[in-house]
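Student: File data.cif below, mmCIF, C-alpha atoms:
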data_target
#
loop_
_atom_site.label_atom_id
_atom_site.label_comp_id
_atom_site.auth_asym_id
_atom_site.auth_seq_id
_atom_site.Cartn_x
_atom_site.Cartn_y
_atom_site.Cartn_z
CA MET B 4 -5.64 -39.64 -8.14
CA ALA B 5 -2.29 -39.57 -6.37
CA LEU B 6 -1.65 -37.31 -3.40
CA ARG B 7 0.75 -34.55 -4.32
CA LEU B 8 2.24 -34.12 -0.86
CA GLU B 9 4.87 -31.55 -1.81
CA ASP B 10 2.24 -29.33 -3.45
CA ILE B 11 -0.10 -29.78 -0.48
CA GLU B 12 2.65 -28.70 1.92
CA LEU B 13 3.50 -25.69 -0.25
CA ILE B 14 -0.17 -24.65 -0.26
CA LYS B 15 -0.31 -25.00 3.54
CA GLN B 16 2.70 -22.71 3.83
CA LEU B 17 1.07 -20.26 1.40
CA LYS B 18 -2.09 -20.04 3.52
CA HIS B 19 -0.09 -19.57 6.71
CA ARG B 20 1.91 -16.75 5.06
CA TYR B 21 -1.39 -15.13 4.00
CA CYS B 22 -2.54 -15.09 7.64
CA ARG B 23 0.79 -13.67 8.84
CA PHE B 24 0.79 -10.97 6.16
CA LEU B 25 -2.81 -10.12 7.04
CA ASP B 26 -2.13 -9.82 10.78
CA THR B 27 0.97 -7.68 10.19
CA ALA B 28 -0.64 -5.52 7.46
CA ASP B 29 2.17 -6.47 5.08
CA ALA B 30 0.98 -5.17 1.70
CA ALA B 31 3.99 -6.49 -0.23
CA GLY B 32 3.61 -9.89 1.39
CA LEU B 33 -0.12 -10.05 0.63
CA THR B 34 0.52 -9.08 -2.98
CA SER B 35 3.10 -11.86 -3.25
CA VAL B 36 0.63 -14.61 -2.26
CA LEU B 37 -2.30 -13.49 -4.44
CA VAL B 38 -2.82 -13.76 -8.19
CA PRO B 39 -3.46 -10.37 -9.84
CA ASP B 40 -7.10 -11.30 -10.59
CA VAL B 41 -7.85 -12.73 -7.13
CA VAL B 42 -11.45 -12.75 -5.88
CA VAL B 43 -12.11 -12.42 -2.15
CA ASP B 44 -15.54 -12.93 -0.57
CA TYR B 45 -15.71 -12.94 3.25
CA VAL B 46 -19.11 -13.01 4.94
CA GLY B 47 -19.61 -12.50 8.66
CA ALA B 48 -22.61 -11.64 10.78
CA THR B 49 -21.76 -7.93 10.72
CA TYR B 50 -19.99 -7.55 7.36
CA HIS B 51 -19.66 -8.75 3.77
CA PHE B 52 -16.25 -8.05 2.24
CA HIS B 53 -16.09 -8.67 -1.51
CA ALA B 54 -13.25 -7.41 -3.70
CA GLU B 55 -11.69 -8.39 -7.01
CA GLY B 56 -8.10 -7.97 -8.13
CA SER B 57 -5.08 -7.68 -5.86
CA ALA B 58 -4.91 -3.94 -6.61
CA GLU B 59 -8.28 -3.59 -4.83
CA VAL B 60 -8.00 -6.38 -2.25
CA VAL B 61 -4.61 -5.54 -0.71
CA PRO B 62 -5.23 -1.85 0.17
CA LEU B 63 -8.65 -2.67 1.64
CA LEU B 64 -7.28 -5.48 3.80
CA THR B 65 -4.24 -3.56 5.04
CA ALA B 66 -6.36 -0.49 5.87
CA ALA B 67 -8.48 -2.64 8.18
CA PHE B 68 -5.37 -3.65 10.12
CA HIS B 69 -4.41 -0.18 11.37
CA GLU B 70 -2.22 0.91 14.29
CA ASP B 71 -5.13 0.66 16.76
CA PHE B 72 -6.03 -2.90 15.76
CA VAL B 73 -4.91 -6.07 17.50
CA GLY B 74 -5.79 -9.51 16.29
CA VAL B 75 -4.78 -12.91 15.07
CA HIS B 76 -6.01 -15.31 12.40
CA THR B 77 -5.15 -18.99 12.60
CA VAL B 78 -6.14 -21.68 10.13
CA HIS B 79 -6.47 -25.37 10.89
CA GLN B 80 -7.64 -28.69 9.49
CA PRO B 81 -6.62 -28.23 5.85
CA GLU B 82 -8.28 -30.34 3.18
CA ILE B 83 -6.33 -29.70 -0.02
CA THR B 84 -6.96 -31.26 -3.42
CA VAL B 85 -4.43 -30.68 -6.18
CA HIS B 86 -6.07 -31.09 -9.58
CA ASP B 87 -4.69 -33.62 -12.06
CA SER B 88 -3.03 -30.86 -14.10
CA GLY B 89 -0.86 -29.96 -11.11
CA GLU B 90 -1.46 -26.28 -11.91
CA SER B 91 -4.56 -25.63 -9.78
CA ALA B 92 -5.93 -26.76 -6.44
CA GLU B 93 -8.74 -26.27 -3.95
CA GLY B 94 -8.54 -26.01 -0.20
CA ARG B 95 -10.87 -25.96 2.77
CA TRP B 96 -9.77 -24.63 6.13
CA THR B 97 -11.22 -23.84 9.53
CA LEU B 98 -10.33 -20.35 10.74
CA THR B 99 -10.37 -19.12 14.31
CA ASP B 100 -9.86 -15.42 14.82
CA TRP B 101 -9.86 -12.80 17.53
CA ALA B 102 -9.57 -9.04 17.14
CA VAL B 103 -10.06 -5.77 18.98
CA ASP B 104 -10.40 -2.39 17.30
CA LEU B 105 -9.19 0.04 19.96
CA ARG B 106 -10.77 2.97 18.10
CA THR B 107 -14.26 1.54 18.57
CA GLY B 108 -13.72 -0.77 21.54
CA ILE B 109 -15.26 -3.64 19.57
CA GLU B 110 -13.97 -7.16 20.13
CA THR B 111 -14.76 -9.78 17.50
CA SER B 112 -14.02 -13.48 17.74
CA GLY B 113 -15.27 -16.57 16.06
CA ALA B 114 -14.71 -19.28 13.52
CA CYS B 115 -15.16 -19.60 9.77
CA LEU B 116 -15.03 -22.20 7.06
CA TYR B 117 -12.71 -21.11 4.26
CA ARG B 118 -12.93 -22.37 0.70
CA ASP B 119 -9.95 -21.32 -1.40
CA GLU B 120 -8.72 -21.88 -4.93
CA TYR B 121 -5.05 -21.81 -5.92
CA ARG B 122 -3.10 -21.49 -9.15
CA ARG B 123 0.53 -22.21 -9.83
CA ILE B 124 2.15 -19.23 -11.56
CA ASP B 125 5.79 -19.43 -12.66
CA GLY B 126 6.24 -22.45 -10.41
CA GLU B 127 4.79 -20.77 -7.29
CA TRP B 128 1.40 -21.43 -5.70
CA ARG B 129 -0.82 -18.37 -5.24
CA ILE B 130 -4.34 -17.79 -3.94
CA SER B 131 -6.78 -17.14 -6.80
CA ARG B 132 -10.02 -17.15 -4.81
CA SER B 133 -10.64 -16.96 -1.09
CA ALA B 134 -14.07 -17.14 0.51
CA TYR B 135 -15.39 -17.83 3.96
CA ARG B 136 -18.65 -18.01 5.84
CA ARG B 137 -18.88 -17.70 9.60
CA LEU B 138 -19.67 -20.69 11.76
CA PHE B 139 -20.16 -18.22 14.58
CA GLU B 140 -19.19 -14.67 15.41
CA LYS B 141 -19.11 -13.04 18.83
CA VAL B 142 -19.09 -9.25 18.91
CA ALA B 143 -18.76 -7.35 22.19
CA LYS B 144 -18.20 -3.76 23.28
CA LEU B 145 -15.26 -3.63 25.68
CA ASP B 146 -15.59 -1.11 28.49
CA PRO B 147 -13.09 -0.45 29.84
CA LEU B 148 -10.63 -1.30 27.11
CA PRO B 149 -7.91 -3.73 28.16
CA ASP B 150 -4.30 -2.62 28.08
CA PHE B 151 -2.18 -4.09 25.29
CA PRO B 152 1.44 -3.21 26.20
CA ALA B 153 2.70 -5.08 23.13
CA ARG B 154 0.99 -4.20 19.83
CA TYR B 155 2.85 -5.00 16.63
CA LEU B 156 0.81 -2.75 14.34
CA ALA B 157 1.23 0.25 16.68
CA GLU B 158 4.99 -0.27 16.72
CA LYS B 159 5.39 -1.42 13.12
CA ALA B 160 7.12 1.76 11.92
CA GLN B 161 9.88 1.34 14.51
CA ARG B 162 10.32 -2.43 14.19
CA PRO B 163 11.89 -4.71 11.64
CA GLU B 164 9.46 -6.90 9.74
CA ILE B 165 8.70 -10.32 11.18
#
Can you turn what I pasted into structure tokens?
Tutor:
Amino acid sequence: MALRLEDIELIKQLKHRYCRFLDTADAAGLTSVLVPDVVVDYVGATYHFHAEGSAEVVPLLTAAFHEDFVGVHTVHQPEITVHDSGESAEGRWTLTDWAVDLRTGIETSGACLYRDEYRRIDGEWRISRSAYRRLFEKVAKLDPLPDFPARYLAEKAQRPEI
């Protein structure tokens, strides 16, 4: 099997856009990177998020990233296999994330192993399945809450999109 380097690079960019759209609660952006029948299954120590279809997935994800939320998701170490057809692929990633919900004072950080599936639709790669399991998760109550003088989601209504 030959490496399809252009497709692999396009899938890397797709995954990075997904993380950016997630962290900025960009519903239109999230919709653009998911197939309509996407399946999402994220399991952490304190949650299990399972949803099917972009019409269900996108509103649930963007609601979690509200104006009193700060966080970042970064993905690393991609292992991407493009199937022989050139129309589907699989990917594994390591995620590191950090978040604080200022409404609850809960800080969460950790790492996950992602396993994704991708489909090419009208020449564009999209995520068709995304699942992760935590390698570890740290959850702490912050008291007092730190000050965050710059918070994109709190200022999103007054700012141009990134």
Student: Apply the PyMOL selection byres ((chain B and resi 129-132) around 6) to the structure shown and report the selected residues as a list in words.
Tutor: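 This file, filtered by the PyMOL selection byres ((chain B and resi 129-132) around 6), leaves Val36, Leu37, Val38, Val41, Val42, Val43, Asp119, Glu120, Tyr121, Arg122, Trp128 and Ser133 of chain B.
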Student: If you apply the PyMOL selection byres ((chain B and resi 24) around 12) to this file, what residues do you get, as JSON, numbers by chain?
Tutor: {"B": [17, 18, 19, 20, 21, 22, 23, 25, 26, 27, 28, 29, 30, 31, 32, 33, 34, 35, 36, 37, 61, 64, 65, 68, 75, 76, 77, 156, 164, 165]}
Student: List the residues selected by the PyMOL selection byres ((chain B and resi 99-104) around 8) in the file shown, writing them as a PyMOL selection string.
Tutor: chain B and resi 71-78+97-98+105-115
Student: Between atom CA of B:Tyr117 and atom CA of B:Val46, what is the spacing in Å?
Tutor: 10.3 Å
Student: Using atom CA of B:Arg154 and atom CA of B:Gly47 as the two end points, give the distance in Å to one decimal.
Tutor: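 For atom CA of B:Arg154 relative to atom CA of B:Gly47, the distance reads 24.9 Å.
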Student: Nearest to B:Leu6 among B:Ile124, B:Ala153, B:Leu148, B:Ala92, with distances taken over all atoms listed in the file: which residue is it?
Tutor: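 Result for the nearest residue to B:Leu6: B:Ala92.
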Student: Grab the atom CA of B:Arg137 to atom CA of B:Asp40 distance for me, in Å with one decimal place.
Tutor: 24.2 Å
Student: Find, counting only C-alpha atoms, the residue in B:Leu116, B:Glu158, B:Leu8, B:Ser88 that gets nearest to B:Glu140.
Tutor: B:Leu116
Student: Using only C-alpha atoms, can you tell me which of B:His79, B:Lys159, B:His86, B:Arg118 comes closest to B:Gln16?
Tutor: B:His79
Student: Give me stretch 91-139 of chain B from this structure - C-alpha atoms, as a PDB file, in the first residue's frame.
Tutor:
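Result file part-v8.pdb:
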ATOM      1  CA  SER B  91     -12.074   6.523   3.449  1.00  0.00           C
ATOM      2  CA  ALA B  92      -9.386   6.585   6.115  1.00  0.00           C
ATOM      3  CA  GLU B  93      -8.677   5.920   9.776  1.00  0.00           C
ATOM      4  CA  GLY B  94      -6.673   7.993  12.199  1.00  0.00           C
ATOM      5  CA  ARG B  95      -5.280   7.718  15.689  1.00  0.00           C
ATOM      6  CA  TRP B  96      -4.243  10.769  17.664  1.00  0.00           C
ATOM      7  CA  THR B  97      -3.079  11.696  21.140  1.00  0.00           C
ATOM      8  CA  LEU B  98      -5.067  14.564  22.647  1.00  0.00           C
ATOM      9  CA  THR B  99      -3.975  16.821  25.474  1.00  0.00           C
ATOM     10  CA  ASP B 100      -6.585  19.170  26.849  1.00  0.00           C
ATOM     11  CA  TRP B 101      -7.111  21.683  29.601  1.00  0.00           C
ATOM     12  CA  ALA B 102     -10.325  23.458  30.566  1.00  0.00           C
ATOM     13  CA  VAL B 103     -11.943  25.500  33.313  1.00  0.00           C
ATOM     14  CA  ASP B 104     -15.680  26.005  33.700  1.00  0.00           C
ATOM     15  CA  LEU B 105     -15.927  29.313  35.550  1.00  0.00           C
ATOM     16  CA  ARG B 106     -19.564  28.602  36.467  1.00  0.00           C
ATOM     17  CA  THR B 107     -18.571  25.573  38.539  1.00  0.00           C
ATOM     18  CA  GLY B 108     -14.916  26.332  39.263  1.00  0.00           C
ATOM     19  CA  ILE B 109     -13.951  22.908  37.917  1.00  0.00           C
ATOM     20  CA  GLU B 110     -10.637  22.501  36.119  1.00  0.00           C
ATOM     21  CA  THR B 111     -10.159  19.431  33.933  1.00  0.00           C
ATOM     22  CA  SER B 112      -6.965  18.379  32.219  1.00  0.00           C
ATOM     23  CA  GLY B 113      -5.616  15.207  30.784  1.00  0.00           C
ATOM     24  CA  ALA B 114      -4.843  13.141  27.749  1.00  0.00           C
ATOM     25  CA  CYS B 115      -6.831  10.857  25.470  1.00  0.00           C
ATOM     26  CA  LEU B 116      -6.304   8.435  22.642  1.00  0.00           C
ATOM     27  CA  TYR B 117      -8.528   9.317  19.685  1.00  0.00           C
ATOM     28  CA  ARG B 118      -9.617   6.863  17.032  1.00  0.00           C
ATOM     29  CA  ASP B 119     -11.321   8.543  14.090  1.00  0.00           C
ATOM     30  CA  GLU B 120     -12.769   7.505  10.764  1.00  0.00           C
ATOM     31  CA  TYR B 121     -12.948   9.782   7.730  1.00  0.00           C
ATOM     32  CA  ARG B 122     -14.851   9.827   4.452  1.00  0.00           C
ATOM     33  CA  ARG B 123     -14.221  11.866   1.348  1.00  0.00           C
ATOM     34  CA  ILE B 124     -17.423  13.618   0.267  1.00  0.00           C
ATOM     35  CA  ASP B 125     -17.448  15.703  -2.914  1.00  0.00           C
ATOM     36  CA  GLY B 126     -13.653  15.717  -2.868  1.00  0.00           C
ATOM     37  CA  GLU B 127     -13.366  16.928   0.751  1.00  0.00           C
ATOM     38  CA  TRP B 128     -12.331  14.867   3.770  1.00  0.00           C
ATOM     39  CA  ARG B 129     -14.790  14.861   6.676  1.00  0.00           C
ATOM     40  CA  ILE B 130     -14.942  13.137  10.054  1.00  0.00           C
ATOM     41  CA  SER B 131     -17.432  10.243  10.036  1.00  0.00           C
ATOM     42  CA  ARG B 132     -16.660   8.786  13.462  1.00  0.00           C
ATOM     43  CA  SER B 133     -14.719  10.207  16.378  1.00  0.00           C
ATOM     44  CA  ALA B 134     -14.071   8.345  19.608  1.00  0.00           C
ATOM     45  CA  TYR B 135     -11.673   8.706  22.481  1.00  0.00           C
ATOM     46  CA  ARG B 136     -10.831   7.102  25.785  1.00  0.00           C
ATOM     47  CA  ARG B 137      -8.924   8.886  28.512  1.00  0.00           C
ATOM     48  CA  LEU B 138      -5.355   7.947  29.326  1.00  0.00           C
ATOM     49  CA  PHE B 139      -5.755  10.091  32.421  1.00  0.00           C
TER      50      PHE B 139
END
